[in-house]
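Asker: Structure file start-v4.txt (compact mmCIF, C-alpha atoms) right here:
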```
# COMPACT_ATOMS: atom_id res chain seq x y z
CA MET H 1 106.70 166.45 -101.76
CA ALA H 2 105.38 169.83 -102.82
CA ASP H 3 102.29 171.23 -101.11
CA LYS H 4 99.10 171.02 -103.13
CA PRO H 5 97.87 174.41 -104.36
CA LYS H 6 95.38 175.88 -101.90
CA VAL H 7 91.98 176.18 -103.51
CA GLU H 8 88.95 178.04 -102.20
CA PHE H 9 85.48 177.67 -103.70
CA ILE H 10 82.93 180.46 -103.46
CA GLU H 11 79.29 179.72 -104.23
CA ASN H 12 77.75 181.94 -106.89
CA PRO H 13 74.69 183.68 -105.42
CA ASN H 14 73.40 184.25 -108.98
CA PRO H 15 71.45 187.46 -108.29
CA LEU H 16 70.57 187.67 -111.97
CA ARG H 17 68.24 184.69 -111.66
CA LYS H 18 66.12 186.62 -109.16
CA LYS H 19 66.07 189.72 -111.37
CA VAL H 20 64.76 188.20 -114.58
CA LYS H 21 61.17 187.22 -115.07
CA VAL H 22 60.50 183.93 -116.82
CA GLU H 23 57.77 184.03 -119.42
CA HIS H 24 56.62 180.44 -119.81
CA GLY H 25 55.13 179.40 -123.10
CA VAL H 26 56.81 182.28 -124.93
CA ASP H 27 59.30 181.45 -127.67
CA PRO H 28 62.39 183.74 -127.48
CA LYS H 29 62.40 183.84 -131.30
CA GLY H 30 60.13 186.90 -131.32
CA MET H 31 62.50 188.79 -129.05
CA ILE H 32 65.53 187.71 -131.09
CA ASP H 33 63.81 188.81 -134.32
CA ARG H 34 63.17 192.23 -132.76
CA ALA H 35 66.85 192.48 -131.78
CA ASN H 36 67.92 191.54 -135.32
CA LYS H 37 65.68 194.29 -136.71
CA LYS H 38 67.20 196.79 -134.29
CA VAL H 39 70.68 195.84 -135.50
CA ALA H 40 69.58 195.99 -139.15
CA GLU H 41 68.89 199.70 -138.57
CA LEU H 42 72.68 200.10 -138.62
CA SER H 43 73.24 198.37 -141.95
CA GLY H 44 73.39 201.64 -143.96
CA GLU H 45 76.13 202.91 -141.68
CA PHE H 46 77.99 199.63 -142.08
CA GLU H 47 77.96 199.97 -145.88
CA ASP H 48 79.72 203.35 -145.48
CA ILE H 49 82.21 201.92 -143.00
CA PHE H 50 82.90 198.98 -145.31
CA ALA H 51 83.60 201.29 -148.27
CA GLU H 52 85.84 203.56 -146.14
CA SER H 53 87.71 200.54 -144.75
CA ILE H 54 88.44 199.22 -148.25
CA LEU H 55 89.94 202.59 -149.19
CA ALA H 56 91.94 202.76 -145.95
CA LEU H 57 93.19 199.19 -146.42
CA GLY H 58 94.42 200.09 -149.92
CA THR H 59 96.26 203.17 -148.65
CA THR H 60 97.78 201.37 -145.66
CA MET H 61 98.84 198.45 -147.85
CA LYS H 62 100.57 200.91 -150.21
CA THR H 63 102.43 202.42 -147.24
CA LEU H 64 103.44 198.96 -146.02
CA ARG H 65 104.75 197.95 -149.45
CA SER H 66 106.71 201.20 -149.81
CA GLY H 67 108.40 200.71 -146.44
CA ALA H 68 108.19 204.50 -146.06
CA GLU H 69 106.91 204.52 -142.49
CA ASP H 70 107.38 202.51 -139.33
CA GLU H 71 106.48 198.98 -140.40
CA ASP H 72 105.18 197.81 -137.01
CA ALA H 73 102.84 200.79 -136.70
CA THR H 74 101.59 200.39 -140.28
CA LEU H 75 101.02 196.67 -139.79
CA ALA H 76 99.17 197.35 -136.53
CA ALA H 77 96.94 199.88 -138.33
CA LEU H 78 96.29 197.38 -141.11
CA ARG H 79 95.45 194.63 -138.63
CA ARG H 80 93.09 196.94 -136.74
CA LEU H 81 91.15 197.69 -139.95
CA LEU H 82 90.95 193.98 -140.78
CA HIS H 83 90.06 193.08 -137.19
CA ASP H 84 87.18 195.58 -137.07
CA LEU H 85 85.87 194.41 -140.43
CA ARG H 86 85.91 190.72 -139.47
CA GLY H 87 84.08 191.58 -136.26
CA GLN H 88 81.30 193.56 -137.92
CA ALA H 89 80.73 192.37 -141.50
CA GLY H 90 79.08 189.05 -140.64
CA THR H 91 76.41 190.82 -138.60
CA PHE H 92 75.31 192.71 -141.73
CA GLY H 93 75.17 189.86 -144.20
CA TYR H 94 78.82 189.79 -145.27
CA PRO H 95 80.15 186.60 -143.67
CA LEU H 96 82.65 186.21 -146.51
CA VAL H 97 84.22 189.54 -145.55
CA SER H 98 84.48 188.30 -141.95
CA GLN H 99 86.10 185.07 -143.17
CA VAL H 100 88.68 186.85 -145.32
CA GLY H 101 89.38 189.39 -142.55
CA ASP H 102 89.75 186.57 -140.03
CA SER H 103 92.15 184.69 -142.30
CA ALA H 104 94.28 187.84 -142.72
CA CYS H 105 94.33 188.66 -138.98
CA LYS H 106 95.26 185.09 -138.05
CA PHE H 107 98.03 185.13 -140.64
CA ILE H 108 99.41 188.35 -139.13
CA ASP H 109 99.03 187.07 -135.55
CA LEU H 110 100.75 183.77 -136.28
CA SER H 111 103.60 185.14 -138.41
CA GLU H 112 106.82 185.47 -136.45
CA ASP H 113 108.59 187.55 -139.07
CA PHE H 114 107.11 189.97 -141.53
CA GLY H 115 108.84 190.43 -144.87
CA VAL H 116 108.02 190.73 -148.56
CA THR H 117 106.31 187.30 -148.79
CA GLU H 118 104.10 187.97 -145.77
CA ILE H 119 103.14 191.39 -147.12
CA GLU H 120 102.10 189.79 -150.42
CA VAL H 121 99.94 187.20 -148.63
CA ILE H 122 98.15 190.03 -146.83
CA GLY H 123 97.89 191.89 -150.14
CA MET H 124 96.00 188.93 -151.63
CA HIS H 125 93.50 189.11 -148.76
CA ILE H 126 92.98 192.81 -149.34
CA ASP H 127 92.50 192.25 -153.07
CA ALA H 128 89.85 189.67 -152.18
CA LEU H 129 88.09 192.17 -149.92
CA LYS H 130 88.16 194.78 -152.70
CA ALA H 131 86.62 192.27 -155.11
CA ILE H 132 83.86 191.43 -152.62
CA SER H 133 83.17 195.11 -152.06
CA GLN H 134 83.07 195.95 -155.78
CA ALA H 135 80.84 193.01 -156.64
CA LYS H 136 78.73 193.54 -153.46
CA ILE H 137 78.96 189.84 -152.66
CA LYS H 138 76.65 189.16 -149.74
CA GLY H 139 76.28 185.89 -147.87
CA ASP H 140 78.94 183.24 -148.37
CA GLY H 141 79.35 184.28 -151.99
CA GLY H 142 78.32 180.89 -153.41
CA PRO H 143 80.82 179.26 -155.78
CA VAL H 144 82.75 182.54 -156.21
CA GLY H 145 83.11 182.91 -152.45
CA ALA H 146 84.18 179.28 -152.08
CA GLU H 147 86.76 179.70 -154.83
CA LEU H 148 88.08 182.84 -153.17
CA MET H 149 88.47 181.20 -149.76
CA THR H 150 90.00 178.06 -151.27
CA GLY H 151 92.54 180.21 -153.11
CA LEU H 152 93.53 182.05 -149.91
CA ARG H 153 93.77 178.80 -147.95
CA LYS H 154 96.03 177.31 -150.62
CA VAL H 155 98.32 180.35 -150.43
CA ILE H 156 98.57 180.05 -146.64
CA THR H 157 99.07 176.28 -146.76
CA LYS H 158 101.89 176.74 -149.25
CA TYR H 159 103.39 179.48 -147.08
CA ASN H 160 103.21 177.26 -143.99
CA GLU H 161 104.81 174.34 -145.84
CA ARG H 162 107.68 176.56 -146.93
CA ALA H 163 108.04 178.08 -143.48
CA SER H 164 108.11 174.71 -141.71
CA GLY H 165 110.42 173.18 -144.33
CA ALA H 166 112.94 175.98 -144.13
CA MET O 1 61.04 174.85 -129.80
CA SER O 2 61.91 176.62 -126.58
CA SER O 3 58.92 177.25 -124.37
CA LYS O 4 60.22 180.01 -122.16
CA THR O 5 61.75 183.43 -122.52
CA TYR O 6 63.70 185.44 -119.99
CA ASN O 7 62.43 188.97 -119.68
CA LEU O 8 65.60 191.05 -119.40
CA GLU O 9 64.06 194.49 -118.87
CA SER O 10 65.33 194.90 -115.30
CA VAL O 11 68.86 193.69 -116.04
CA ALA O 12 71.61 196.33 -116.03
CA VAL O 13 74.28 195.70 -118.67
CA LEU O 14 77.51 197.56 -119.22
CA VAL O 15 79.00 197.45 -122.73
CA VAL O 16 82.73 198.16 -122.91
CA GLU O 17 84.00 198.58 -126.46
CA ASP O 18 86.45 201.06 -127.93
CA ASN O 19 85.01 200.89 -131.45
CA ARG O 20 82.00 203.22 -131.57
CA PHE O 21 80.16 201.30 -134.29
CA MET O 22 80.71 197.92 -132.63
CA ARG O 23 79.45 199.44 -129.38
CA ASN O 24 76.30 200.58 -131.20
CA ILE O 25 75.78 197.06 -132.54
CA LEU O 26 75.95 195.56 -129.05
CA VAL O 27 73.71 198.25 -127.56
CA ASN O 28 71.12 197.75 -130.32
CA VAL O 29 71.13 193.98 -129.81
CA LEU O 30 70.63 194.41 -126.07
CA LYS O 31 67.86 196.97 -126.49
CA GLY O 32 66.22 194.67 -129.02
CA LEU O 33 66.38 191.89 -126.43
CA GLY O 34 64.44 194.15 -124.11
CA VAL O 35 67.28 195.29 -121.82
CA GLN O 36 66.28 198.73 -120.52
CA HIS O 37 69.44 199.63 -118.64
CA VAL O 38 72.39 199.66 -121.03
CA ALA O 39 75.42 201.69 -120.02
CA GLU O 40 78.32 202.29 -122.38
CA ALA O 41 82.02 202.71 -121.79
CA ARG O 42 84.62 203.58 -124.43
CA ASP O 43 87.50 202.05 -122.52
CA GLY O 44 88.48 200.22 -119.36
CA TYR O 45 88.84 203.39 -117.31
CA GLU O 46 85.29 204.52 -118.09
CA ALA O 47 84.06 200.99 -117.41
CA LEU O 48 85.59 200.87 -113.91
CA GLU O 49 84.17 204.28 -113.11
CA GLU O 50 80.72 203.18 -114.28
CA MET O 51 80.89 199.95 -112.27
CA ARG O 52 81.89 201.80 -109.11
CA ASN O 53 78.96 204.18 -109.43
CA THR O 54 76.17 202.08 -110.91
CA PRO O 55 75.06 198.54 -110.06
CA THR O 56 75.92 196.30 -113.01
CA ASP O 57 74.45 192.84 -113.53
CA ILE O 58 76.44 191.83 -116.63
CA VAL O 59 79.54 193.26 -118.27
CA ILE O 60 79.93 192.72 -122.00
CA MET O 61 83.44 193.67 -123.00
CA ASP O 62 85.74 193.73 -125.97
CA TRP O 63 89.13 192.09 -125.47
CA GLU O 64 91.51 193.93 -127.81
CA MET O 65 90.98 197.49 -126.63
CA ASP O 66 93.34 200.40 -126.97
CA GLY O 67 94.44 201.98 -123.72
CA MET O 68 93.48 199.39 -121.13
CA HIS O 69 93.51 195.92 -122.66
CA GLY O 70 90.57 193.63 -121.86
CA SER O 71 92.80 191.37 -119.79
CA LYS O 72 93.75 194.25 -117.49
CA LEU O 73 90.15 195.36 -117.15
CA LEU O 74 88.96 191.83 -116.33
CA ARG O 75 91.78 191.32 -113.82
CA THR O 76 90.86 194.60 -112.14
CA ILE O 77 87.19 193.61 -111.96
CA ARG O 78 88.03 190.21 -110.44
CA SER O 79 90.32 191.88 -107.90
CA GLY O 80 87.22 193.42 -106.31
CA LYS O 81 89.27 196.44 -105.33
CA ARG O 82 87.73 199.81 -104.54
CA GLY O 83 84.10 198.83 -104.59
CA LEU O 84 84.07 196.56 -107.64
CA ASN O 85 81.90 193.44 -107.60
CA PRO O 86 84.35 190.61 -108.33
CA LEU O 87 81.54 188.12 -108.98
CA VAL O 88 79.88 190.07 -111.79
CA PRO O 89 79.35 187.93 -114.90
CA VAL O 90 81.63 189.04 -117.73
CA VAL O 91 81.04 188.14 -121.37
CA VAL O 92 84.17 188.64 -123.45
CA VAL O 93 83.34 189.51 -127.06
CA SER O 94 86.17 189.12 -129.52
CA ALA O 95 86.77 188.43 -133.18
CA ASN O 96 90.09 186.88 -132.23
CA THR O 97 89.28 183.21 -131.76
CA ILE O 98 92.85 181.95 -131.76
CA VAL O 99 92.99 179.41 -128.93
CA ARG O 100 95.65 181.28 -126.94
CA ASN O 101 93.41 184.38 -126.95
CA VAL O 102 90.36 182.48 -125.72
CA LEU O 103 92.42 180.67 -123.08
CA GLN O 104 93.88 183.98 -121.91
CA ALA O 105 90.36 185.35 -121.43
CA ARG O 106 89.30 182.17 -119.63
CA ASP O 107 92.34 182.20 -117.38
CA THR O 108 91.76 185.84 -116.51
CA GLY O 109 88.27 185.03 -115.24
CA MET O 110 85.73 185.53 -118.00
CA THR O 111 82.30 183.98 -117.55
CA GLU O 112 81.42 183.46 -121.22
CA PHE O 113 83.11 184.03 -124.58
CA LEU O 114 81.23 185.32 -127.61
CA ALA O 115 82.89 185.36 -131.00
CA LYS O 116 82.32 188.30 -133.29
CA PRO O 117 80.51 188.85 -135.57
CA VAL O 118 77.77 188.83 -132.97
CA SER O 119 74.20 187.75 -133.49
CA ALA O 120 71.21 188.44 -131.27
CA ALA O 121 70.62 184.71 -130.81
CA ALA O 122 74.20 184.07 -129.70
CA LEU O 123 74.24 186.96 -127.22
CA TYR O 124 70.88 185.91 -125.78
CA GLY O 125 72.28 182.38 -125.49
CA ARG O 126 75.23 183.60 -123.41
CA ILE O 127 72.91 185.55 -121.10
CA VAL O 128 70.69 182.48 -120.65
CA ALA O 129 73.80 180.39 -119.86
CA ILE O 130 74.75 182.88 -117.13
CA ILE O 131 71.23 182.74 -115.66
CA GLU O 132 70.73 178.99 -115.88
CA ASN O 133 74.21 177.66 -115.21
CA PRO O 134 75.92 179.90 -112.68
CA ARG O 135 79.35 178.56 -111.92
CA ARG O 136 80.90 178.72 -108.49
CA PHE O 137 84.01 180.87 -108.16
CA VAL O 138 87.46 179.51 -107.51
CA ARG O 139 90.38 181.20 -105.82
CA THR O 140 93.88 179.76 -106.18
CA GLY O 141 97.25 181.37 -105.84
CA SER O 142 97.15 182.45 -109.45
CA TYR O 143 93.47 182.60 -110.41
CA PHE O 144 90.20 184.07 -109.27
CA GLY O 145 87.10 183.65 -111.38
CA PRO O 146 84.35 181.26 -112.40
CA ASP O 147 85.24 177.58 -112.08
CA ARG O 148 86.82 176.70 -115.38
CA ARG O 149 85.40 173.19 -115.14
CA ARG O 150 81.91 173.64 -116.48
CA ARG O 151 80.71 170.23 -115.41
CA PHE O 152 81.43 168.20 -112.32
CA ASP O 153 79.92 164.76 -112.09
CA PRO O 154 80.73 162.95 -108.83
CA GLU O 155 79.20 159.77 -110.33
CA TYR O 156 81.64 159.80 -113.24
CA GLY O 157 82.90 156.28 -113.68
CA GLY O 158 84.96 156.62 -116.82
CA PRO O 159 88.73 156.73 -117.19
CA ARG O 160 90.70 159.33 -115.25
CA ARG O 161 92.40 161.10 -118.11
CA ARG O 162 94.38 163.75 -116.35
CA ALA O 163 97.82 163.11 -114.97
CA ASP O 164 96.89 164.30 -111.49
CA ASP O 165 93.42 162.73 -111.31
CA ARG O 166 94.43 160.61 -108.35
CA SER O 167 91.68 161.68 -105.98
CA LEU O 168 88.61 163.90 -105.89
CA ASP O 169 90.66 166.43 -103.93
CA ASP O 170 92.69 166.98 -107.04
CA LEU O 171 89.64 167.97 -109.06
CA ASP O 172 90.04 171.60 -108.26
CA ASP O 173 91.45 173.81 -110.93
CA LEU O 174 93.20 173.78 -114.24
CA ASP O 175 96.16 175.62 -112.68
CA ALA O 176 96.88 172.60 -110.55
CA VAL O 177 96.51 170.32 -113.55
CA ASN O 178 98.80 172.46 -115.64
CA GLN O 179 101.40 172.59 -112.89
CA ALA O 180 101.35 168.80 -112.43
```
So, in terms of structure tokens, how does the structure I just supplied come out?
Answerer:
Amino acid sequence: MADKPKVEFIENPNPLRKKVKVEHGVDPKGMIDRANKKVAELSGEFEDIFAESILALGTTMKTLRSGAEDEDATLAALRRLLHDLRGQAGTFGYPLVSQVGDSACKFIDLSEDFGVTEIEVIGMHIDALKAISQAKIKGDGGPVGAELMTGLRKVITKYNERASGA
Amino acid sequence: MSSKTYNLESVAVLVVEDNRFMRNILVNVLKGLGVQHVAEARDGYEALEEMRNTPTDIVIMDWEMDGMHGSKLLRTIRSGKRGLNPLVPVVVVSANTIVRNVLQARDTGMTEFLAKPVSAAALYGRIVAIIENPRRFVRTGSYFGPDRRRRFDPEYGGPRRRADDRSLDDLDDLDAVNQA
């Protein structure tokens, strides 16, 4: 019989607990509101980054479609742009951008091969991001946003069905 | 409605993020939450240098970083080598919420996971979790970090669902469970 793995437990002294002061009777909402305001100071910069990212996504997508440069490096650059957008947009009132970016990144991460079909699926995501940027769709985008996400999900579902049926 | 607030002004936080704008977001959230001591690192190398020179209470780190990946940075921190505090709480912040990514961060020794896009409420929530629910650390042959079992109830009388739940001695670590 194999030996059981040796396990050692170490108590956590939790020094942080001694460092923080507890303010009883104070709702943290005020502090959180202040933090949200501090972050909102960056929203102008985000608008610029968003616009630049849309341009860069278009250029990188063109390079990917042309096959002119190293495909892995181009795809990695594309994913990085999408990854940064999905991580930031929601903080500044563009959760739909984060959702589309997340869908695109997951599609890239979970695709074993990358060919013409996969490039077109990513292209649809980038077109969606362009549309959101042009129409300045904030929030979840209401019915338009729902339609957009449903459309992308259908494309991916169809792709997955084909991939698993092949 | 919550009736207490943690005053974080004396807490020292290190933000490790290779994207300058994302780093600014995290720093602004922390400053808004009243944290006075916020250090910044652009990559894992700067982070280790900062941690060796300045006491750090919490590390907030990106996972997919160029240069030194988050997993390497976290493993180095947990190694405790060359003056690092291996018990420091580490919040991994990532937009990649694919299960294998989150599990990788957990199995490397993260304390908390925060999905991007971040909000002030969510980050405050993770800090409160670290303060209020400190987890003991576990060392096995292949893991060192916070106990990955968040709850342990010795009075639990329900079904033993895991294959190796034959005795309380077996309730040690997910590694053992996975190897069973």
Asker: Provide the atom CA of H:Asp33 to atom CA of O:Ala120 distance in Å, to one decimal place.
Answerer: 8.0 Å
Asker: Go through chain O residue by residue and, counting all atoms listed in the file, keep those with an atom at most 8 Å from chain H; for each kept residue give the shortest atom pair and its distance in Å to one decimal, ordered by chain and increasing number, as a Markdown table.
Answerer:
```
| residue | atom | partner | partner_atom | distance |
| --- | --- | --- | --- | --- |
| O:Met1 | CA | H:Asp27 | CA | 7.2 |
| O:Ser2 | CA | H:Asp27 | CA | 5.6 |
| O:Ser3 | CA | H:Gly25 | CA | 4.5 |
| O:Lys4 | CA | H:His24 | CA | 4.3 |
| O:Thr5 | CA | H:Pro28 | CA | 5.0 |
| O:Tyr6 | CA | H:Val22 | CA | 4.8 |
| O:Asn7 | CA | H:Lys21 | CA | 5.1 |
| O:Leu8 | CA | H:Val20 | CA | 5.7 |
| O:Glu9 | CA | H:Val20 | CA | 7.6 |
| O:Ser10 | CA | H:Lys19 | CA | 6.5 |
| O:Val11 | CA | H:Lys19 | CA | 6.7 |
| O:Met22 | CA | H:Gln88 | CA | 6.9 |
| O:Ile25 | CA | H:Val39 | CA | 6.0 |
| O:Asn28 | CA | H:Val39 | CA | 5.5 |
| O:Val29 | CA | H:Ala35 | CA | 4.9 |
| O:Leu30 | CA | H:Ala35 | CA | 7.1 |
| O:Lys31 | CA | H:Ala35 | CA | 7.0 |
| O:Gly32 | CA | H:Ala35 | CA | 3.6 |
| O:Leu33 | CA | H:Ala35 | CA | 5.4 |
| O:Gly34 | CA | H:Met31 | CA | 7.5 |
| O:Asp57 | CA | H:Leu16 | CA | 6.6 |
| O:Leu87 | CA | H:Asn12 | CA | 7.5 |
| O:Ser94 | CA | H:Gly87 | CA | 7.5 |
| O:Ala95 | CA | H:Gly87 | CA | 5.2 |
| O:Asn96 | CA | H:Asp102 | CA | 7.8 |
| O:Ile98 | CA | H:Lys106 | CA | 7.4 |
| O:Lys116 | CA | H:Gly87 | CA | 4.8 |
| O:Pro117 | CA | H:Gly87 | CA | 4.5 |
| O:Val118 | CA | H:Thr91 | CA | 6.1 |
| O:Ser119 | CA | H:Thr91 | CA | 6.4 |
| O:Ala120 | CA | H:Ile32 | CA | 5.7 |
| O:Ala121 | CA | H:Ile32 | CA | 5.9 |
| O:Tyr124 | CA | H:Ile32 | CA | 7.7 |
| O:Ile131 | CA | H:Arg17 | CA | 5.4 |
| O:Glu132 | CA | H:Arg17 | CA | 7.5 |
| O:Pro134 | CA | H:Asn14 | CA | 6.2 |
| O:Arg135 | CA | H:Asn12 | CA | 6.3 |
| O:Arg136 | CA | H:Glu11 | CA | 4.7 |
| O:Phe137 | CA | H:Ile10 | CA | 4.8 |
| O:Val138 | CA | H:Phe9 | CA | 4.7 |
| O:Arg139 | CA | H:Glu8 | CA | 5.0 |
| O:Thr140 | CA | H:Val7 | CA | 4.9 |
| O:Gly141 | CA | H:Lys6 | CA | 7.0 |
| O:Asp172 | CA | H:Val7 | CA | 6.9 |
| O:Asp173 | CA | H:Val7 | CA | 7.8 |
| O:Ala176 | CA | H:Pro5 | CA | 6.5 |
```
Asker: For atom CA of H:Gly141 and atom CA of H:Asp127, quote the distance in Å rounded to one decimal.
Answerer: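 Atom CA of H:Asp127 lies at a distance of 15.4 Å from atom CA of H:Gly141.
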Asker: Atom CA of H:Asp48 to atom CA of H:Asp140: how many Å, to one decimal?
Answerer: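 Distance reported for this atom pair: 20.3 Å.
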Asker: Tell me which protein, DNA and RNA residues are within 10 Å of stretch 63-77 of chain H, counting only C-alpha atoms, leaving out same-chain ones fewer than 6 positions away, and put them as a ChimeraX atom specification.
Answerer: /H:56-57,83,108,114-116,119-120,123
Asker: Using all atoms listed in the file, which protein or nucleic acid residues come within 12 Å of O:Arg82? Drop anything in the same chain fewer than 5 positions from it, and give the result as number ranges by chain.
Answerer: O: 48-49, 51-53, 76-77
